[in-house]
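Q: What follows is a single structure, and I will ask about it in a moment.
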Amino acid sequence: MSASTVTLTDLTRMLRESAGEEEGVDLDGDVLDVSFDELGYDSLAMLQVIGQVQREYGIRLPDETVADADTPRALLALINTSGQVPQTR
Amino acid sequence: MTAAVVTGLGVAAPNGLGTQAFWKATLAGQSALAPLTRFDPAPYPSVLAGEIKTFVAEEHISSRLMPQTDHMTRLALAAADWAIDDAGADLRHLPEYGMGVVTAASGGAVEFGQRELENLWSRGKEYVSAYQSFAWFYAVNTGQISIRHKMRGPSGVLLTEQAGGIDAIGHARRHIRKGTPLVLSGGVDSALCPWGWVPQLTTARMSTVADPDRAYLPFSADASGYVVGEGGAVVVLEDAVSARERGAPHIYGEVAGYAATLDPAPAAGRPPGLRRAAENAIADAGLTPQDIDVVFADAAGVPELDQAEAAAVTGLFGRRAVPVTAPKTMTGRLLAGGAALDVATALLALREGVIPPTVNVRTPAPAYGLDLVVDQPRDSNLRSALVLARGFGGFNAALVLRRCDH
């Protein structure tokens, strides 16, 4: 079982579905280390996206995730080290 | 005292999206009342509505805003954009604290709210949108317009049911008089979902007639209640001096008089307050009833309410002494958006010198003593218009609009 099953591609898809994409931002670009703030996502957008991650992958993320994960890389690290990510949905 | 003038209009109506389309349809007497399609009305006694069918939200609303906005807020944002474009207001040059937003609302964004409540009941709390925290809220249209256009001046929302469109504009005028140069106002509303439908049915004022041409007949002997629609209008209200200084391309008219009253309790034995609202608004404009060239009626379509309005109008003006019209017979009553749309319609009528018709009524009940403009528009040199509105719970509001000759 791989420790890392949620990819940046998965995350950008969920960002688009849950909160849309800011004009002038290309989520398909090199966004791994760009802050969510710069990508145009506020805390409510992050709550919405994290809600979708939890539902799709059947995991629980702590409430602090919104504040702690300020970039896609940081959020993916928290998701993929939550220890509960199943290999497939 | 400084005058407040309307310099921009944004209309989202069932019979026309955008001011031009709406005005053309309205003069042509085109009604949008039809069987409901947005949800299945079969379980309910009222099955007709005035729906806006040509609005494609994605053409007006960014993908970031789509998940956080209800249908009514999307309509309101589009109407606000149109009003600002129409005003030619180069907002980058106006101070952001010098622009406010005051809109009317009724029940808030009930369609969004119903969907999220269904998610809560049927799937669990983790399925409820984080945006439910504000998207349902009755102040949400004001808030989203304010955010989108960086209008951070005095702002608010008024809830007086179907009188709200006038009360919001009256309140916006107060802000103009206190020194805010520009206020966006009006109202855009929609509640075409079961959760929005059922509370309105309890008023027993909605028509249960299934024929769209026979369901909403205000001032007719066959009046059976009203049909509900969605939409409304946003207006740009400005200080007349600063509007002229910046070279506003249109000055549709002045908000010359405003008044609101509340009906006495049903058992009080005192008369309803609509006439007093009209009298006070005319006096506030420095006019007399003889100066009013047309009345845009509240036109509830409920016999006792029609009777009360006809008594107020004939009491003030005399029998058949002033033309009365209800173009809302083509759109249905738009909740918090209805009176705002009537204000926009009245301003267009003043500018064009034509009174748009009341449709489907054909012959108003003679006992009411009204000169109702039916079927065809009536050309008339209009200088001042009175717009009346009532909201469930005893709200009455009246607005006097005056053409600006300049």
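Within each chain, counting starts at residue 1; across the structure tokens, chains are named A, B, ... in the order shown, with ligands numbered 1 upward in that order.
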Residues of chain A within 6 Å of chain B, counting only C-alpha atoms, what are they? List them as a PyMOL selection string.

A: chain A and resi 19-22+48

Q: Write a file of the selected residues as a JSON list (two decimals), in the first residue's frame, keeping N, CA and C atoms.

A:
```json
[["chain", "number", "residue", "atom", "x", "y", "z"],
["A", 19, "ALA", "N", -14.47, 24.91, -4.93],
["A", 19, "ALA", "CA", -14.35, 26.35, -4.72],
["A", 19, "ALA", "C", -14.08, 27.13, -6.00],
["A", 20, "GLY", "N", -13.99, 26.46, -7.14],
["A", 20, "GLY", "CA", -13.74, 27.18, -8.40],
["A", 20, "GLY", "C", -12.28, 27.58, -8.54],
["A", 21, "GLU", "N", -12.01, 28.29, -9.62],
["A", 21, "GLU", "CA", -10.63, 28.69, -9.92],
["A", 21, "GLU", "C", -10.59, 30.20, -10.15],
["A", 22, "GLU", "N", -9.74, 30.86, -9.42],
["A", 22, "GLU", "CA", -9.62, 32.32, -9.54],
["A", 22, "GLU", "C", -9.18, 32.71, -10.95],
["A", 48, "GLN", "N", -14.21, 24.05, 2.57],
["A", 48, "GLN", "CA", -15.03, 23.36, 1.58],
["A", 48, "GLN", "C", -14.22, 22.25, 0.90]]
```

Q: DSSP on the backbone: what in region 4-107 of chain B comes out alpha helix (DSSP H), as an NGL selection string?

A: :B and (19-27 or 71-87)

Q: Rounded to one decimal place, report the CA of Pro266 (chain B)-CA of Arg333 (chain B) distance in Å.

A: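 Atom-to-atom, CA of Pro266 (chain B) and CA of Arg333 (chain B) are spaced 23.7 Å apart.
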
Q: Excluding region 271-284 of chain B and its own-chain neighbours fewer than 3 positions away, which residues fall within 9 Å of it when counting only C-alpha atoms? Please give them as a ChimeraX atom specification.

A: /B:256-264,268,287-289,291-292,308-309,311-313,315-316,386-390,394-400

Q: For Tyr252 (chain B), which residue out of B:Ala4, B:Leu217, B:Val374, B:Val102 is the nearest one, using only C-alpha atoms?

A: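 Of B:Ala4, B:Leu217, B:Val374, B:Val102, the one nearest Tyr252 (chain B) is B:Ala4, counting only C-alpha atoms.
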
Q: Of the candidates A:Pro72, A:Leu39, A:Arg60, A:Ala67, which one gets nearest to Thr9 (chain A) if we count only C-alpha atoms?

A: A:Pro72

Q: Excluding Asp33 (chain A) and any residue of its chain fewer than 5 positions from it, enumerate the residues within 9 Å of it, using only C-alpha atoms, and give them as a list in words.

A: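 Within the cut-off, the hits are Asp70, Thr71, Pro72, Arg73 and Ala74 of chain A.
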
Q: Let me see the file: selected residues, all heavy atoms, as a PDB file, in the first residue's frame.

A:
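Result written to result20.pdb:
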```pdb
ATOM      1  N   ASP A  70      -0.848  25.691   4.350  1.00  0.00           N
ATOM      2  CA  ASP A  70      -1.025  26.926   3.598  1.00  0.00           C
ATOM      3  C   ASP A  70      -0.635  26.805   2.136  1.00  0.00           C
ATOM      4  O   ASP A  70      -0.794  27.745   1.372  1.00  0.00           O
ATOM      5  CB  ASP A  70      -0.273  28.081   4.263  1.00  0.00           C
ATOM      6  CG  ASP A  70       1.207  27.797   4.407  1.00  0.00           C
ATOM      7  OD1 ASP A  70       1.607  26.622   4.200  1.00  0.00           O
ATOM      8  OD2 ASP A  70       1.962  28.732   4.718  1.00  0.00           O
ATOM      9  N   THR A  71      -0.122  25.637   1.741  1.00  0.00           N
ATOM     10  CA  THR A  71       0.178  25.402   0.321  1.00  0.00           C
ATOM     11  C   THR A  71      -0.348  24.016  -0.065  1.00  0.00           C
ATOM     12  O   THR A  71      -0.579  23.168   0.803  1.00  0.00           O
ATOM     13  CB  THR A  71       1.695  25.412   0.044  1.00  0.00           C
ATOM     14  OG1 THR A  71       2.288  24.333   0.788  1.00  0.00           O
ATOM     15  CG2 THR A  71       2.329  26.740   0.445  1.00  0.00           C
ATOM     16  N   PRO A  72      -0.485  23.755  -1.367  1.00  0.00           N
ATOM     17  CA  PRO A  72      -0.883  22.409  -1.781  1.00  0.00           C
ATOM     18  C   PRO A  72       0.076  21.338  -1.255  1.00  0.00           C
ATOM     19  O   PRO A  72      -0.361  20.273  -0.818  1.00  0.00           O
ATOM     20  CB  PRO A  72      -0.845  22.493  -3.311  1.00  0.00           C
ATOM     21  CG  PRO A  72      -1.206  23.923  -3.603  1.00  0.00           C
ATOM     22  CD  PRO A  72      -0.524  24.718  -2.513  1.00  0.00           C
ATOM     23  N   ARG A  73       1.410  21.615  -1.272  1.00  0.00           N
ATOM     24  CA  ARG A  73       2.358  20.614  -0.786  1.00  0.00           C
ATOM     25  C   ARG A  73       2.091  20.293   0.682  1.00  0.00           C
ATOM     26  O   ARG A  73       2.040  19.128   1.085  1.00  0.00           O
ATOM     27  CB  ARG A  73       3.800  21.119  -0.943  1.00  0.00           C
ATOM     28  CG  ARG A  73       4.839  20.038  -0.576  1.00  0.00           C
ATOM     29  CD  ARG A  73       6.242  20.605  -0.474  1.00  0.00           C
ATOM     30  NE  ARG A  73       6.769  21.174  -1.715  1.00  0.00           N
ATOM     31  CZ  ARG A  73       7.322  20.454  -2.706  1.00  0.00           C
ATOM     32  NH1 ARG A  73       7.437  19.141  -2.596  1.00  0.00           N
ATOM     33  NH2 ARG A  73       7.775  21.052  -3.786  1.00  0.00           N
ATOM     34  N   ALA A  74       1.865  21.341   1.481  1.00  0.00           N
ATOM     35  CA  ALA A  74       1.641  21.121   2.913  1.00  0.00           C
ATOM     36  C   ALA A  74       0.326  20.368   3.144  1.00  0.00           C
ATOM     37  O   ALA A  74       0.264  19.467   3.995  1.00  0.00           O
ATOM     38  CB  ALA A  74       1.618  22.462   3.640  1.00  0.00           C
TER      39      ALA A  74
END
```

Q: Counting only C-alpha atoms, which residue out of B:Ala42, B:Ala78, B:Ala233, B:Leu36 sits closest to Ala336 (chain B)?

A: B:Ala233

Q: Name all residues at most 12 Å from Asp211 (chain B) (count only C-alpha atoms; drop same-chain ones fewer than 2 positions away) and give them as a list in words.

A: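 Final neighbour list, sorted by chain and number: Leu33, Ala34, Pro35, Leu36, Ser46, Val47, Leu48, Ala49, Ser207, Thr208, Val209, Asp213, Arg214, Ala215, Tyr216, Leu217, Ser224, Val227 and Asn360 of chain B.
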
Q: Neighbours of Gly165 (chain B) within 10 Å (only C-alpha atoms; same-chain residues fewer than 2 positions away dropped), as a CSV table (one decimal) with all heavy atoms, in the first residue's frame?

A:
```csv
chain,number,residue,atom,x,y,z
B,102,VAL,N,-27.5,49.1,-0.6
B,102,VAL,CA,-28.7,48.8,0.3
B,102,VAL,C,-29.7,48.1,-0.6
B,102,VAL,O,-30.2,48.6,-1.5
B,102,VAL,CB,-29.3,50.1,0.8
B,102,VAL,CG1,-30.6,49.8,1.6
B,102,VAL,CG2,-28.4,50.9,1.6
B,103,THR,N,-29.9,46.8,-0.3
B,103,THR,CA,-30.9,46.0,-1.0
B,103,THR,C,-32.0,45.5,-0.1
B,103,THR,O,-31.9,45.6,1.1
B,103,THR,CB,-30.2,44.8,-1.7
B,103,THR,OG1,-29.8,43.9,-0.7
B,103,THR,CG2,-29.1,45.2,-2.6
B,104,ALA,N,-33.0,45.0,-0.8
B,104,ALA,CA,-34.2,44.4,-0.1
B,104,ALA,C,-34.1,42.9,-0.2
B,104,ALA,O,-33.5,42.4,-1.2
B,104,ALA,CB,-35.5,44.9,-0.7
B,105,ALA,N,-34.6,42.2,0.8
B,105,ALA,CA,-34.6,40.8,0.8
B,105,ALA,C,-35.9,40.3,1.4
B,105,ALA,O,-36.6,41.1,2.1
B,105,ALA,CB,-33.4,40.2,1.5
B,158,LEU,N,-32.9,45.6,3.8
B,158,LEU,CA,-34.2,45.9,4.4
B,158,LEU,C,-35.2,44.7,4.1
B,158,LEU,O,-35.2,44.2,3.0
B,158,LEU,CB,-34.8,47.2,3.9
B,158,LEU,CG,-34.3,48.4,4.7
B,158,LEU,CD1,-33.1,49.0,4.0
B,158,LEU,CD2,-35.3,49.4,4.9
B,159,LEU,N,-35.9,44.3,5.1
B,159,LEU,CA,-36.9,43.2,5.0
B,159,LEU,C,-38.2,43.7,5.3
B,159,LEU,O,-38.6,43.8,6.5
B,159,LEU,CB,-36.5,42.0,5.8
B,159,LEU,CG,-35.3,41.2,5.4
B,159,LEU,CD1,-34.0,41.8,5.8
B,159,LEU,CD2,-35.4,39.8,5.9
B,160,THR,N,-39.0,44.1,4.3
B,160,THR,CA,-40.4,44.4,4.6
B,160,THR,C,-41.3,43.7,3.5
B,160,THR,O,-42.2,44.2,2.9
B,160,THR,CB,-40.6,46.0,4.4
B,160,THR,OG1,-40.1,46.4,3.2
B,160,THR,CG2,-39.9,46.7,5.5
B,161,GLU,N,-40.9,42.4,3.4
B,161,GLU,CA,-41.6,41.5,2.4
B,161,GLU,C,-41.7,42.3,1.0
B,161,GLU,O,-40.7,42.8,0.6
B,161,GLU,CB,-42.9,41.1,3.0
B,161,GLU,CG,-43.2,39.6,2.6
B,161,GLU,CD,-44.2,39.5,1.5
B,161,GLU,OE1,-45.0,40.4,1.2
B,161,GLU,OE2,-44.1,38.5,0.7
B,162,GLN,N,-42.8,42.3,0.4
B,162,GLN,CA,-42.9,42.8,-0.9
B,162,GLN,C,-42.9,44.4,-1.1
B,162,GLN,O,-42.9,44.9,-2.2
B,162,GLN,CB,-44.1,42.3,-1.6
B,162,GLN,CG,-44.1,40.7,-1.6
B,162,GLN,CD,-45.0,40.0,-2.6
B,162,GLN,OE1,-45.1,40.5,-3.7
B,162,GLN,NE2,-45.5,38.9,-2.3
B,163,ALA,N,-42.7,45.0,0.1
B,163,ALA,CA,-42.6,46.5,0.0
B,163,ALA,C,-41.1,46.8,0.0
B,163,ALA,O,-40.7,48.0,-0.1
B,163,ALA,CB,-43.2,47.1,1.2
B,167,ASP,N,-38.6,50.4,0.1
B,167,ASP,CA,-37.9,50.8,1.4
B,167,ASP,C,-36.4,50.9,1.3
B,167,ASP,O,-35.7,51.7,1.9
B,167,ASP,CB,-38.3,49.9,2.5
B,167,ASP,CG,-39.8,50.1,2.9
B,167,ASP,OD1,-40.2,51.3,3.0
B,167,ASP,OD2,-40.5,49.1,3.2
B,168,ALA,N,-35.8,50.0,0.5
B,168,ALA,CA,-34.4,50.0,0.3
B,168,ALA,C,-33.9,51.3,-0.4
B,168,ALA,O,-33.0,51.9,0.0
B,168,ALA,CB,-33.9,48.8,-0.5
B,169,ILE,N,-34.7,51.7,-1.4
B,169,ILE,CA,-34.3,52.9,-2.2
B,169,ILE,C,-34.5,54.1,-1.3
B,169,ILE,O,-33.7,55.1,-1.3
B,169,ILE,CB,-35.1,52.9,-3.5
B,169,ILE,CG1,-34.7,51.8,-4.4
B,169,ILE,CG2,-35.0,54.3,-4.2
B,169,ILE,CD1,-35.5,51.6,-5.7
B,170,GLY,N,-35.6,54.1,-0.5
B,170,GLY,CA,-35.8,55.2,0.5
B,170,GLY,C,-34.7,55.3,1.4
B,170,GLY,O,-34.2,56.4,1.8
B,185,SER,N,-28.9,50.3,-5.0
B,185,SER,CA,-30.0,49.9,-4.3
B,185,SER,C,-31.0,49.1,-5.1
B,185,SER,O,-30.7,48.7,-6.3
B,185,SER,CB,-30.7,51.1,-3.7
B,185,SER,OG,-31.7,50.7,-2.7
B,186,GLY,N,-32.1,48.7,-4.5
B,186,GLY,CA,-33.1,47.9,-5.2
B,186,GLY,C,-33.3,46.6,-4.6
B,186,GLY,O,-33.0,46.4,-3.4
B,187,GLY,N,-33.6,45.6,-5.4
B,187,GLY,CA,-33.8,44.2,-4.8
B,187,GLY,C,-33.9,43.2,-5.9
B,187,GLY,O,-34.5,43.5,-7.0
B,188,VAL,N,-33.4,42.1,-5.7
B,188,VAL,CA,-33.5,40.9,-6.6
B,188,VAL,C,-33.7,39.7,-5.8
B,188,VAL,O,-33.0,39.5,-4.8
B,188,VAL,CB,-32.2,40.7,-7.5
B,188,VAL,CG1,-32.4,39.5,-8.4
B,188,VAL,CG2,-31.9,42.0,-8.3
B,232,GLY,N,-35.9,41.1,-10.3
B,232,GLY,CA,-36.0,42.4,-9.7
B,232,GLY,C,-35.1,43.4,-10.5
B,232,GLY,O,-34.9,43.3,-11.7
B,233,ALA,N,-34.7,44.5,-9.8
B,233,ALA,CA,-33.9,45.5,-10.4
B,233,ALA,C,-32.9,46.1,-9.4
B,233,ALA,O,-33.2,46.1,-8.2
B,233,ALA,CB,-34.8,46.6,-11.0
B,234,VAL,N,-31.8,46.5,-9.9
B,234,VAL,CA,-30.8,47.3,-9.1
B,234,VAL,C,-30.7,48.6,-9.8
B,234,VAL,O,-30.7,48.8,-11.0
B,234,VAL,CB,-29.4,46.5,-9.2
B,234,VAL,CG1,-28.4,47.4,-8.5
B,234,VAL,CG2,-29.5,45.2,-8.5
B,334,LEU,N,-42.5,39.7,-7.4
B,334,LEU,CA,-41.1,39.3,-7.3
B,334,LEU,C,-40.6,39.4,-5.9
B,334,LEU,O,-39.4,39.6,-5.7
B,334,LEU,CB,-40.2,40.0,-8.3
B,334,LEU,CG,-40.7,40.1,-9.7
B,334,LEU,CD1,-39.7,40.8,-10.6
B,334,LEU,CD2,-41.0,38.8,-10.3
B,335,LEU,N,-41.4,39.3,-4.9
B,335,LEU,CA,-41.0,39.3,-3.5
B,335,LEU,C,-40.2,40.6,-3.3
B,335,LEU,O,-40.7,41.7,-3.6
B,335,LEU,CB,-40.2,38.1,-3.2
B,335,LEU,CG,-40.9,36.8,-3.6
B,335,LEU,CD1,-40.0,35.6,-3.2
B,335,LEU,CD2,-42.3,36.6,-3.0
B,336,ALA,N,-39.0,40.5,-2.7
B,336,ALA,CA,-38.3,41.8,-2.4
B,336,ALA,C,-37.8,42.5,-3.7
B,336,ALA,O,-37.4,43.6,-3.7
B,336,ALA,CB,-37.1,41.4,-1.6
B,337,GLY,N,-37.9,41.8,-4.9
B,337,GLY,CA,-37.5,42.5,-6.1
B,337,GLY,C,-38.6,43.2,-6.8
B,337,GLY,O,-38.3,44.0,-7.7
B,338,GLY,N,-39.9,43.0,-6.4
B,338,GLY,CA,-41.0,43.5,-7.2
B,338,GLY,C,-41.1,45.0,-7.2
B,338,GLY,O,-41.2,45.6,-8.3
B,339,ALA,N,-41.0,45.6,-6.0
B,339,ALA,CA,-41.2,47.1,-6.0
B,339,ALA,C,-40.0,47.7,-6.7
B,339,ALA,O,-40.1,48.8,-7.3
B,339,ALA,CB,-41.3,47.5,-4.6
B,340,ALA,N,-38.8,47.1,-6.6
B,340,ALA,CA,-37.6,47.7,-7.2
B,340,ALA,C,-37.8,47.6,-8.8
B,340,ALA,O,-37.5,48.6,-9.5
B,340,ALA,CB,-36.4,46.9,-6.8
B,341,LEU,N,-38.4,46.6,-9.3
B,341,LEU,CA,-38.6,46.5,-10.7
B,341,LEU,C,-39.7,47.5,-11.1
B,341,LEU,O,-39.6,48.2,-12.2
B,341,LEU,CB,-39.1,45.1,-11.1
B,341,LEU,CG,-39.3,44.9,-12.6
B,341,LEU,CD1,-38.0,45.1,-13.4
B,341,LEU,CD2,-39.9,43.5,-12.9
B,342,ASP,N,-40.7,47.7,-10.2
B,342,ASP,CA,-41.7,48.8,-10.5
B,342,ASP,C,-41.0,50.1,-10.6
B,342,ASP,O,-41.4,51.0,-11.4
B,342,ASP,CB,-42.8,48.8,-9.5
B,342,ASP,CG,-43.9,47.7,-9.8
B,342,ASP,OD1,-43.9,47.3,-10.9
B,342,ASP,OD2,-44.7,47.4,-8.9
B,343,VAL,N,-40.1,50.4,-9.7
B,343,VAL,CA,-39.4,51.7,-9.7
B,343,VAL,C,-38.6,51.8,-11.1
B,343,VAL,O,-38.7,52.9,-11.7
B,343,VAL,CB,-38.4,51.8,-8.5
B,343,VAL,CG1,-37.5,53.0,-8.7
B,343,VAL,CG2,-39.2,51.9,-7.2
B,389,ALA,N,-46.3,49.9,-2.9
B,389,ALA,CA,-46.0,48.5,-2.6
B,389,ALA,C,-46.5,48.2,-1.2
B,389,ALA,O,-46.5,49.0,-0.3
B,389,ALA,CB,-44.5,48.3,-2.7
B,397,ALA,N,-45.4,51.0,1.5
B,397,ALA,CA,-44.3,51.9,1.1
B,397,ALA,C,-44.7,52.7,-0.2
B,397,ALA,O,-45.5,52.1,-1.1
B,397,ALA,CB,-43.0,51.2,0.8
```

Q: When DSSP is applied to the backbone of this structure, which of region 70-108 of chain B are assigned strand (DSSP E)? Write them out as a PyMOL selection string.

A: chain B and resi 99-104

Q: Name the residues in contact with Lys178 (chain B) at a cut-off of 12 Å, using only C-alpha atoms, excluding same-chain residues fewer than 2 positions from it; report them as a ChimeraX atom specification.

A: /B:1-4,98,100,153-154,171-176,180-183,238-239

Q: Any chance you can output those residues with all heavy atoms as a CSV table (one decimal), in the first residue's frame?

A:
```csv
chain,number,residue,atom,x,y,z
B,1,MET,N,-31.7,70.7,0.6
B,1,MET,CA,-31.3,69.3,0.7
B,1,MET,C,-30.9,68.7,-0.7
B,1,MET,O,-31.5,69.0,-1.6
B,1,MET,CB,-32.4,68.4,1.3
B,1,MET,CG,-31.9,67.1,1.7
B,1,MET,SD,-32.7,66.4,3.2
B,1,MET,CE,-34.3,67.2,3.3
B,2,THR,N,-29.8,67.9,-0.7
B,2,THR,CA,-29.4,67.4,-1.9
B,2,THR,C,-30.4,66.4,-2.6
B,2,THR,O,-31.1,65.7,-1.8
B,2,THR,CB,-28.0,66.7,-1.7
B,2,THR,OG1,-27.6,66.2,-3.0
B,2,THR,CG2,-28.2,65.5,-0.8
B,3,ALA,N,-30.5,66.4,-3.9
B,3,ALA,CA,-31.4,65.5,-4.5
B,3,ALA,C,-30.7,64.2,-4.8
B,3,ALA,O,-29.5,64.2,-5.1
B,3,ALA,CB,-31.9,66.2,-5.8
B,4,ALA,N,-31.5,63.1,-4.8
B,4,ALA,CA,-31.0,61.8,-5.1
B,4,ALA,C,-31.6,61.4,-6.4
B,4,ALA,O,-32.8,61.4,-6.6
B,4,ALA,CB,-31.4,60.8,-4.0
B,98,GLY,N,-17.2,55.9,-0.2
B,98,GLY,CA,-18.2,56.9,-0.7
B,98,GLY,C,-19.3,56.2,-1.5
B,98,GLY,O,-20.1,56.8,-2.1
B,100,GLY,N,-22.1,52.9,-1.2
B,100,GLY,CA,-22.8,52.0,-0.4
B,100,GLY,C,-23.7,51.0,-1.2
B,100,GLY,O,-23.9,51.2,-2.4
B,153,GLY,N,-19.0,51.8,1.6
B,153,GLY,CA,-19.7,52.8,2.4
B,153,GLY,C,-20.9,52.3,3.1
B,153,GLY,O,-21.1,51.1,3.2
B,154,PRO,N,-21.7,53.2,3.6
B,154,PRO,CA,-22.9,52.7,4.4
B,154,PRO,C,-23.7,51.7,3.6
B,154,PRO,O,-24.1,52.0,2.5
B,154,PRO,CB,-23.7,54.0,4.7
B,154,PRO,CG,-22.7,55.1,4.5
B,154,PRO,CD,-21.7,54.6,3.5
B,171,HIS,N,-34.2,54.2,1.9
B,171,HIS,CA,-33.1,54.2,2.8
B,171,HIS,C,-31.8,54.6,2.2
B,171,HIS,O,-31.0,55.3,2.7
B,171,HIS,CB,-32.9,52.8,3.5
B,171,HIS,CG,-32.0,52.8,4.6
B,171,HIS,ND1,-32.3,53.5,5.8
B,171,HIS,CD2,-30.8,52.1,4.8
B,171,HIS,CE1,-31.3,53.3,6.7
B,171,HIS,NE2,-30.4,52.5,6.1
B,172,ALA,N,-31.6,54.2,0.9
B,172,ALA,CA,-30.4,54.6,0.2
B,172,ALA,C,-30.4,56.1,0.0
B,172,ALA,O,-29.3,56.7,0.1
B,172,ALA,CB,-30.4,53.9,-1.2
B,173,ARG,N,-31.6,56.7,-0.2
B,173,ARG,CA,-31.6,58.1,-0.3
B,173,ARG,C,-31.2,58.8,1.0
B,173,ARG,O,-30.5,59.9,0.9
B,173,ARG,CB,-33.1,58.6,-0.7
B,173,ARG,CG,-33.2,60.1,-1.0
B,173,ARG,CD,-34.6,60.5,-1.3
B,173,ARG,NE,-35.5,60.4,-0.2
B,173,ARG,CZ,-36.6,61.1,0.0
B,173,ARG,NH1,-36.9,62.0,-1.0
B,173,ARG,NH2,-37.3,61.0,1.0
B,174,ARG,N,-31.5,58.2,2.1
B,174,ARG,CA,-31.0,58.8,3.4
B,174,ARG,C,-29.5,58.8,3.4
B,174,ARG,O,-28.9,59.8,3.8
B,174,ARG,CB,-31.4,57.9,4.6
B,174,ARG,CG,-32.9,58.1,4.9
B,174,ARG,CD,-33.2,57.4,6.3
B,174,ARG,NE,-34.6,57.2,6.4
B,174,ARG,CZ,-35.3,56.0,6.3
B,174,ARG,NH1,-34.6,54.9,6.1
B,174,ARG,NH2,-36.6,56.0,6.3
B,175,HIS,N,-28.8,57.8,2.9
B,175,HIS,CA,-27.4,57.8,2.9
B,175,HIS,C,-26.8,58.8,1.9
B,175,HIS,O,-25.8,59.5,2.2
B,175,HIS,CB,-26.9,56.4,2.4
B,175,HIS,CG,-27.0,55.3,3.5
B,175,HIS,ND1,-26.7,55.5,4.8
B,175,HIS,CD2,-27.5,54.0,3.4
B,175,HIS,CE1,-27.0,54.4,5.5
B,175,HIS,NE2,-27.5,53.5,4.6
B,176,ILE,N,-27.5,59.0,0.8
B,176,ILE,CA,-27.1,60.1,-0.1
B,176,ILE,C,-27.2,61.4,0.6
B,176,ILE,O,-26.3,62.3,0.5
B,176,ILE,CB,-28.0,60.1,-1.4
B,176,ILE,CG1,-27.9,58.7,-2.1
B,176,ILE,CG2,-27.7,61.3,-2.3
B,176,ILE,CD1,-26.8,58.6,-3.0
B,180,THR,N,-23.1,60.3,1.4
B,180,THR,CA,-22.5,59.2,0.6
B,180,THR,C,-22.9,59.5,-0.9
B,180,THR,O,-24.1,59.6,-1.2
B,180,THR,CB,-23.0,57.9,1.0
B,180,THR,OG1,-22.7,57.7,2.4
B,180,THR,CG2,-22.4,56.7,0.2
B,181,PRO,N,-21.9,59.7,-1.8
B,181,PRO,CA,-22.3,60.2,-3.1
B,181,PRO,C,-23.0,59.1,-4.0
B,181,PRO,O,-23.8,59.5,-4.8
B,181,PRO,CB,-20.9,60.4,-3.8
B,181,PRO,CG,-19.9,60.5,-2.7
B,181,PRO,CD,-20.5,59.7,-1.5
B,182,LEU,N,-22.8,57.8,-3.7
B,182,LEU,CA,-23.4,56.8,-4.6
B,182,LEU,C,-23.8,55.6,-3.8
B,182,LEU,O,-23.1,55.1,-2.9
B,182,LEU,CB,-22.4,56.4,-5.7
B,182,LEU,CG,-22.8,55.4,-6.8
B,182,LEU,CD1,-22.0,55.7,-8.0
B,182,LEU,CD2,-22.7,54.0,-6.4
B,183,VAL,N,-25.1,55.2,-4.0
B,183,VAL,CA,-25.5,54.0,-3.3
B,183,VAL,C,-26.2,53.1,-4.3
B,183,VAL,O,-27.1,53.5,-5.1
B,183,VAL,CB,-26.5,54.3,-2.2
B,183,VAL,CG1,-26.9,53.0,-1.5
B,183,VAL,CG2,-25.9,55.2,-1.1
B,238,GLU,N,-27.6,58.4,-7.0
B,238,GLU,CA,-26.4,59.3,-6.8
B,238,GLU,C,-26.9,60.6,-6.3
B,238,GLU,O,-28.0,61.1,-6.6
B,238,GLU,CB,-25.7,59.5,-8.1
B,238,GLU,CG,-24.7,58.4,-8.5
B,238,GLU,CD,-23.9,58.7,-9.6
B,238,GLU,OE1,-22.9,59.5,-9.5
B,238,GLU,OE2,-24.2,58.3,-10.8
B,239,ASP,N,-26.0,61.3,-5.6
B,239,ASP,CA,-26.2,62.7,-5.4
B,239,ASP,C,-26.2,63.5,-6.7
B,239,ASP,O,-25.4,63.3,-7.5
B,239,ASP,CB,-25.0,63.2,-4.5
B,239,ASP,CG,-25.1,64.7,-4.2
B,239,ASP,OD1,-24.7,65.5,-5.1
B,239,ASP,OD2,-25.4,65.0,-3.1
```

Q: One decimal, Å: what's the distance from CA of Ala76 (chain B) over to CA of Thr202 (chain B), could you say?

A: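 Taking CA of Ala76 (chain B) and CA of Thr202 (chain B), their separation equals 26.7 Å.
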
Q: Could you work out how far CA of Leu348 (chain B) lies from CA of Leu9 (chain B), giving the answer in Å with one decimal?

A: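 Going from CA of Leu9 (chain B) over to CA of Leu348 (chain B), I get 9.4 Å.
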
Q: Of the candidates A:Val34, A:Ala77, A:Met14, A:Asp68, which one gets nearest to Gly51 (chain A) if we count only C-alpha atoms?

A: A:Met14
